[in-house]
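J.: Sharing query_1.txt below, compact mmCIF, C-alpha atoms:
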# COMPACT_ATOMS: atom_id res chain seq x y z
CA MET A 1 5.53 -16.25 20.66
CA ASN A 2 3.84 -15.87 24.04
CA GLN A 3 0.12 -16.50 23.97
CA ALA A 4 -2.67 -17.58 26.25
CA SER A 5 -5.52 -19.68 24.95
CA LYS A 6 -8.10 -18.06 27.23
CA SER A 7 -10.13 -15.21 25.77
CA PRO A 8 -8.62 -11.84 26.72
CA LEU A 9 -12.01 -10.13 26.28
CA PRO A 10 -15.31 -10.28 28.14
CA GLY A 11 -18.68 -10.49 26.42
CA THR A 12 -19.81 -12.27 23.27
CA ARG A 13 -19.94 -9.43 20.71
CA ILE A 14 -17.02 -7.15 19.93
CA THR A 15 -15.79 -4.89 17.16
CA ALA A 16 -12.34 -4.98 15.57
CA ARG A 17 -11.10 -1.95 13.69
CA ALA A 18 -7.88 -1.62 11.67
CA PHE A 19 -6.22 1.77 11.12
CA PHE A 20 -3.50 2.20 8.48
CA VAL A 21 -1.96 5.30 10.05
CA ALA A 22 1.68 5.58 8.94
CA GLU A 23 4.46 4.11 6.85
CA ARG A 24 6.12 2.56 9.91
CA ILE A 25 5.38 2.02 13.60
CA ASN A 26 8.24 1.48 16.02
CA THR A 27 7.12 -1.29 18.38
CA ALA A 28 10.42 -1.59 20.25
CA GLY A 29 10.00 -1.25 23.99
CA LEU A 30 6.27 -1.98 24.01
CA GLU A 31 6.73 -5.63 24.95
CA ARG A 32 5.57 -6.68 28.40
CA SER A 33 5.05 -9.78 30.49
CA ASP A 34 1.36 -10.21 29.63
CA VAL A 35 1.90 -9.92 25.87
CA LEU A 36 -0.45 -12.05 23.80
CA SER A 37 1.85 -12.24 20.78
CA THR A 38 5.20 -10.84 19.71
CA THR A 39 4.81 -11.26 15.92
CA PRO A 40 2.69 -9.25 15.46
CA LEU A 41 2.85 -7.46 18.78
CA ALA A 42 -0.48 -7.92 20.58
CA PHE A 43 -1.37 -6.97 24.15
CA ARG A 44 -4.32 -6.08 26.34
CA VAL A 45 -5.52 -2.48 26.53
CA GLY A 46 -7.35 -1.67 29.74
CA GLU A 47 -9.83 -4.26 30.91
CA ASP A 48 -11.84 -4.88 27.77
CA GLY A 49 -9.56 -4.30 24.79
CA VAL A 50 -6.76 -5.75 22.72
CA ALA A 51 -4.29 -3.91 20.48
CA VAL A 52 -2.39 -5.55 17.64
CA LEU A 53 0.45 -3.52 16.13
CA PHE A 54 2.04 -4.13 12.74
CA ARG A 55 5.36 -2.44 12.03
CA TYR A 56 4.28 -1.63 8.48
CA GLY A 57 1.96 1.03 9.89
CA VAL A 58 -1.31 -0.65 10.89
CA VAL A 59 -2.94 -0.67 14.32
CA VAL A 60 -5.85 -3.05 14.98
CA LEU A 61 -7.95 -2.31 18.05
CA ILE A 62 -10.42 -4.88 19.32
CA GLY A 63 -13.15 -4.29 21.90
CA LEU A 64 -12.54 -0.54 22.30
CA ASN A 65 -15.00 2.29 21.82
CA ALA A 66 -14.31 5.31 19.61
CA LEU A 67 -12.91 7.48 22.43
CA GLU A 68 -10.59 4.72 23.61
CA GLU A 69 -9.40 4.16 20.03
CA ASP A 70 -8.56 7.85 19.55
CA GLU A 71 -6.74 7.99 22.88
CA PHE A 72 -4.68 4.90 22.06
CA LEU A 73 -3.74 6.18 18.60
CA ARG A 74 -2.68 9.56 20.03
CA GLY A 75 -0.43 7.75 22.46
CA LEU A 76 1.31 6.02 19.54
CA GLU A 77 1.96 9.16 17.47
CA GLN A 78 5.57 9.54 18.61
CA ARG A 79 6.28 6.02 17.40
CA MET A 80 4.87 6.63 13.92
CA THR A 81 7.01 7.50 10.91
CA GLY A 82 5.43 9.02 7.82
CA VAL A 83 2.00 9.67 9.32
CA PHE A 84 -0.77 9.76 6.71
CA ALA A 85 -3.04 12.77 6.41
CA ARG A 86 -5.87 10.37 5.62
CA ARG A 87 -5.85 7.04 7.38
CA GLU A 88 -7.46 3.93 5.95
CA GLU A 89 -9.90 1.97 8.14
CA GLU A 90 -11.37 -1.54 8.05
CA THR A 91 -14.00 -2.81 10.49
CA ALA A 92 -15.28 -6.25 11.44
CA ASN A 93 -17.97 -7.37 13.87
CA ILE A 94 -17.12 -10.50 15.83
CA GLU A 95 -19.57 -12.72 17.67
CA LEU A 96 -18.91 -15.66 19.97
CA ALA A 97 -20.79 -18.78 18.81
CA ALA A 98 -19.39 -21.73 20.72
CA GLU A 99 -21.90 -24.12 19.17
CA LYS A 100 -20.76 -23.29 15.60
CA ASP A 101 -17.59 -23.72 13.62
CA ASP A 102 -15.57 -20.62 12.86
CA GLN A 103 -17.45 -19.11 9.93
CA ILE A 104 -18.14 -15.88 8.08
CA PRO A 105 -21.62 -15.78 6.52
CA PRO A 106 -22.18 -13.27 3.68
CA GLY A 107 -23.03 -9.87 5.09
CA GLY A 108 -22.90 -11.16 8.66
CA PRO A 109 -20.47 -10.99 11.55
CA ILE A 110 -17.47 -13.25 12.02
CA TYR A 111 -18.60 -16.19 14.17
CA LEU A 112 -15.90 -17.72 16.36
CA GLN A 113 -15.93 -20.81 18.52
CA SER A 114 -13.96 -18.84 21.08
CA LEU A 115 -12.52 -15.36 21.42
CA SER A 116 -9.05 -16.77 21.89
CA PRO A 117 -6.00 -14.54 21.28
CA GLU A 118 -4.99 -16.69 18.31
CA ARG A 119 -8.31 -16.16 16.53
CA LEU A 120 -8.37 -12.45 17.30
CA ILE A 121 -4.83 -12.04 15.96
CA LEU A 122 -5.76 -13.83 12.73
CA ILE A 123 -8.68 -11.45 12.28
CA ALA A 124 -6.29 -8.56 12.94
CA GLU A 125 -3.94 -9.91 10.25
CA ALA A 126 -6.74 -10.03 7.67
CA LEU A 127 -8.05 -6.56 8.57
CA ALA A 128 -4.56 -5.06 8.48
CA LYS A 129 -3.81 -6.46 5.03
CA SER A 130 -7.22 -5.36 3.75
CA ALA A 131 -6.62 -1.79 5.00
CA VAL A 132 -3.20 -1.68 3.33
CA LEU A 133 -4.64 -2.98 0.06
CA ALA A 134 -7.44 -0.38 0.20
CA ARG A 135 -4.96 2.49 0.49
CA HIS A 136 -2.72 1.14 -2.25
CA GLU A 137 -5.69 0.56 -4.54
CA ARG A 138 -6.66 4.19 -4.07
CA GLU A 139 -3.11 5.41 -4.73
CA VAL A 140 -2.76 3.35 -7.90
CA ALA A 141 -6.18 4.55 -9.09
CA ALA A 142 -5.01 8.16 -8.57
CA VAL A 143 -1.95 7.53 -10.77
CA PHE A 144 -4.20 6.08 -13.48
CA ASP A 145 -6.42 9.16 -13.29
CA GLN A 146 -3.40 11.45 -13.68
CA THR A 147 -1.81 9.58 -16.57
CA GLU A 148 -5.05 8.92 -18.48
CA PRO A 149 -5.09 12.38 -20.20
CA PHE A 150 -1.51 11.79 -21.39
CA ALA A 151 -2.47 8.40 -22.81
CA ARG A 152 -5.60 9.80 -24.49
CA GLU A 153 -3.62 12.61 -26.13
CA LEU A 154 -0.94 10.19 -27.29
CA ALA A 155 -3.55 7.83 -28.78
CA SER A 156 -5.49 10.56 -30.59
CA THR A 157 -2.65 12.75 -31.91
CA GLY A 158 0.46 10.62 -31.70
CA ARG A 159 2.02 13.28 -29.51
CA MET A 160 1.94 14.00 -25.82
CA ALA A 161 0.86 17.38 -24.55
CA GLY A 162 2.76 18.96 -21.69
CA GLY A 163 6.31 19.92 -21.11
CA ARG A 164 9.22 18.03 -19.68
CA ARG A 165 8.33 19.04 -16.10
CA ALA A 166 4.79 17.65 -16.39
CA ILE A 167 6.05 14.35 -17.77
CA LEU A 168 8.72 14.09 -15.06
CA GLN A 169 6.05 14.72 -12.45
CA GLN A 170 3.99 11.82 -13.78
CA ILE A 171 7.05 9.57 -13.76
CA GLY A 172 7.71 10.58 -10.17
CA ASN A 173 4.12 9.85 -9.14
CA ALA A 174 4.18 6.44 -10.82
CA LEU A 175 7.51 5.42 -9.30
CA SER A 176 6.54 6.72 -5.87
CA VAL A 177 3.37 4.64 -5.80
CA GLN A 178 5.22 1.59 -7.09
CA HIS A 179 7.80 1.96 -4.31
CA ARG A 180 5.19 2.34 -1.55
CA VAL A 181 2.94 -0.46 -2.73
CA THR A 182 5.76 -3.00 -3.09
CA GLY A 183 6.74 -2.39 0.52
CA PRO A 184 7.01 -4.72 3.51
CA VAL A 185 3.44 -6.10 3.42
CA ALA A 186 3.41 -9.62 2.01
CA VAL A 187 -0.30 -10.28 1.54
CA SER A 188 0.17 -13.81 0.23
CA GLU A 189 2.37 -14.94 3.12
CA LYS A 190 0.91 -17.11 5.86
CA PRO A 191 0.67 -15.39 9.27
CA ASP A 192 3.34 -16.54 11.71
CA ILE A 193 0.75 -17.68 14.23
CA LEU A 194 -0.38 -20.49 11.89
CA TRP A 195 2.96 -22.20 12.28
CA ASP A 196 2.05 -22.76 15.93
CA LYS A 197 -1.70 -23.19 15.38
CA PRO A 198 -2.15 -25.03 12.05
CA GLU A 199 -5.71 -25.98 13.05
CA LEU A 200 -6.69 -22.34 12.46
CA GLU A 201 -5.64 -22.34 8.80
CA ARG A 202 -9.24 -22.88 7.71
CA LEU A 203 -10.33 -19.77 9.63
CA TYR A 204 -7.63 -17.66 8.01
CA ALA A 205 -8.51 -19.04 4.57
CA ARG A 206 -12.11 -17.95 5.15
CA LEU A 207 -10.95 -14.51 6.26
CA ALA A 208 -8.73 -14.20 3.18
CA ASP A 209 -11.69 -15.17 0.97
CA GLU A 210 -14.03 -12.75 2.75
CA TYR A 211 -11.69 -9.79 2.19
CA GLU A 212 -10.52 -11.11 -1.22
CA LEU A 213 -6.90 -10.62 -0.19
CA LYS A 214 -5.37 -12.81 -2.88
CA GLU A 215 -7.54 -11.49 -5.71
CA ARG A 216 -6.99 -7.86 -4.72
CA ALA A 217 -3.24 -8.37 -4.39
CA GLU A 218 -3.06 -9.96 -7.84
CA ALA A 219 -5.13 -7.15 -9.39
CA LEU A 220 -2.90 -4.59 -7.68
CA ASN A 221 0.23 -6.28 -9.01
CA ARG A 222 -1.19 -6.16 -12.54
CA LYS A 223 -1.92 -2.46 -12.16
CA LEU A 224 1.56 -1.88 -10.77
CA HIS A 225 2.96 -3.53 -13.88
CA VAL A 226 0.99 -1.05 -15.98
CA VAL A 227 2.26 1.80 -13.78
CA ALA A 228 5.85 0.66 -14.35
CA GLU A 229 5.26 0.43 -18.10
CA THR A 230 3.71 3.91 -18.06
CA ALA A 231 6.76 5.32 -16.33
CA GLN A 232 8.96 3.64 -18.92
CA VAL A 233 6.90 5.04 -21.82
CA LEU A 234 7.05 8.54 -20.36
CA THR A 235 10.81 8.19 -19.88
CA ASP A 236 11.19 7.05 -23.49
CA ILE A 237 9.19 10.06 -24.67
CA ILE A 238 11.51 12.40 -22.79
CA ASP A 239 14.55 10.61 -24.23
CA THR A 240 13.07 10.83 -27.73
CA ARG A 241 12.35 14.53 -27.38
CA ARG A 242 15.86 15.13 -26.11
CA SER A 243 17.38 13.10 -28.95
CA LEU A 244 15.38 15.04 -31.55
CA ARG A 245 16.43 18.31 -29.97
CA LEU A 246 20.07 17.28 -30.03
CA GLU A 247 19.79 16.13 -33.63
CA LEU A 248 18.27 19.47 -34.64
CA ILE A 249 21.02 21.34 -32.84
CA ILE A 250 23.66 19.26 -34.63
CA VAL A 251 21.97 19.86 -38.02
CA PHE A 252 21.85 23.62 -37.40
CA LEU A 253 25.52 23.64 -36.36
CA ILE A 254 26.48 21.75 -39.51
CA LEU A 255 24.45 24.15 -41.69
CA PHE A 256 26.02 27.11 -39.91
CA GLU A 257 29.49 25.70 -40.51
CA VAL A 258 28.66 25.08 -44.16
CA MET A 259 27.40 28.62 -44.55
CA ILE A 260 30.58 30.01 -43.00
CA THR A 261 32.70 27.86 -45.30
CA VAL A 262 30.73 28.99 -48.37
CA TYR A 263 31.04 32.59 -47.26
CA GLN A 264 34.78 32.26 -46.81
CA LEU A 265 35.19 30.64 -50.26
CA ALA A 266 33.04 33.31 -51.87
CA SER A 267 35.03 36.05 -50.21
CA ARG A 268 38.27 34.62 -51.63
CA VAL A 269 36.81 34.30 -55.12
CA PHE A 270 35.57 37.88 -55.28
CA SER A 271 38.49 39.47 -53.44
In structure tokens, write the structure found in this file.
T.:
Amino acid sequence: MNQASKSPLPGTRITARAFFVAERINTAGLERSDVLSTTPLAFRVGEDGVAVLFRYGVVVLIGLNALEEDEFLRGLEQRMTGVFARREEETANIELAAEKDDQIPPGGPIYLQSLSPERLILIAEALAKSAVLARHEREVAAVFDQTEPFARELASTGRMAGGRRAILQQIGNALSVQHRVTGPVAVSEKPDILWDKPELERLYARLADEYELKERAEALNRKLHVVAETAQVLTDIIDTRRSLRLELIIVFLILFEVMITVYQLASRVFS
């Protein structure tokens, strides 16, 4: 990791904004001599900005205005895989307060003793994870909304309305969300920068508390468990329907064979 302790940004008040834009971002070849960090990749943008790129699809831009943000994101489009039609955003206001400890008052900005690269990267880590959680929470909620009518029908009638295609579609939606959400983002893991700067662990703990990263990740995992169980129930229903259909076919074949045998015996008796 290559970092400077001096603040890469002028001024005392800046804005950091995270954009969850794609499933993957290829950061290969973007490294340069003045890089602030390699994991995640962080570097200066122009004179007043910093960009932090996460390969799992999040870009955090610090100290840029809206036009500069749009221009930077457009320049990254060729490096994005699986671009989202709707990107998730997370914003934080940061203020330099050298006379205070690093702190995050309720409803207020993030106060930092210095705007050092290490502190800015930790904020980027928290914002990136929060943006990813926000998208996954929305995706899981959408699956719940789609499967709720099936569950209501099953509870009230003991049967599930809809044909095999509709059930398979719900299974596909559930499994797709489960696959995306259990991707490469490890919310509970400690950022790599803390191995070199353990004195900043308290700041990251405050950031994690502010954005409720642990609690949201645990709630999401519980919902994912329900999604997996839902997919299993829907699969069992399809298997049950198929088994009943096969059993009926076998019964009809046996009855048909019995009828043929009876007909043949009757024909011999009366011939």
J.: Between CA of Gly75 in chain A and CA of Val187 in chain A, what is the spacing in Å?
T.: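 Atom-to-atom, CA of Val187 in chain A and CA of Gly75 in chain A are spaced 27.6 Å apart.
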J.: Can you tell me, as number ranges by chain, what residues are no more than 12 Å from Lys214 in chain A when counting all atoms listed in the file, ignoring any on the same chain fewer than 2 positions away?
T.: A: 126, 129-130, 133, 186-190, 205-212, 216-221
J.: Of the candidates A:Asp236, A:Glu229, A:Asp48, A:Glu99, which one gets nearest to Phe144 in chain A if we count only C-alpha atoms?
T.: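 Result for the nearest residue to Phe144 in chain A: A:Glu229.
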J.: Using all atoms listed in the file, tabulate the residues of range 91-137 of chain A lying at most 8 Å from any atom of range 20-36 of chain A, each with its closest atom pair and that distance in Å to one decimal, by chain and increasing residue number, as a tab-separated table.
T.:
residue	atom	partner	partner_atom	distance
A:Pro117	CA	A:Leu36	CA	6.6
A:Ala128	CA	A:Phe20	CA	7.3
A:Ala131	CA	A:Phe20	CA	6.1
A:Val132	CA	A:Phe20	CA	6.5
J.: Would you put the residues from that selection into a file with C-alpha atoms, as a PDB file, in the frame of the given file?
T.:
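File written: out.pdb
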ATOM      1  CA  PRO A 117      -6.000 -14.540  21.280  1.00  0.00           C
ATOM      2  CA  ALA A 128      -4.560  -5.060   8.480  1.00  0.00           C
ATOM      3  CA  ALA A 131      -6.620  -1.790   5.000  1.00  0.00           C
ATOM      4  CA  VAL A 132      -3.200  -1.680   3.330  1.00  0.00           C
TER       5      VAL A 132
END
J.: Mind giving me the straight-line distance from CA of Leu64 in chain A to CA of Gln78 in chain A in Å, one decimal?
T.: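 CA of Gln78 in chain A lies at a distance of 21.1 Å from CA of Leu64 in chain A.
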J.: CA of Ala66 in chain A to CA of Glu88 in chain A: how many Å, to one decimal?
T.: 15.3 Å
J.: Select, from A:Tyr204, A:Trp195, A:Phe84, A:Phe43, the residue with the minimum atom-to-atom distance to Ile104 in chain A, counting all atoms listed in the file.
T.: A:Tyr204
J.: For Thr39 in chain A, which of A:Leu248, A:Leu253, A:Val52, A:Ala98 is the closest residue, counting only C-alpha atoms?
T.: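 When distances to Thr39 in chain A are compared using only C-alpha atoms, the smallest one comes from A:Val52.
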J.: Of the candidates A:Pro198, A:Thr147, A:Arg138, A:Leu255, which one gets nearest to Ala228 in chain A if we count only C-alpha atoms?
T.: A:Thr147
J.: Which residue gives the smallest distance to Arg13 in chain A among A:Glu125, A:Glu95, A:Glu247, A:Glu201, with only C-alpha atoms counted?
T.: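 Looking at the shortest contact to Arg13 in chain A, the residue is A:Glu95.
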J.: Find, counting only C-alpha atoms, the residue in A:Tyr56, A:Asn93, A:Ala85, A:Val50 that gets nearest to Ile14 in chain A.
T.: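 Using only C-alpha atoms, Ile14 in chain A sits closest to A:Asn93.
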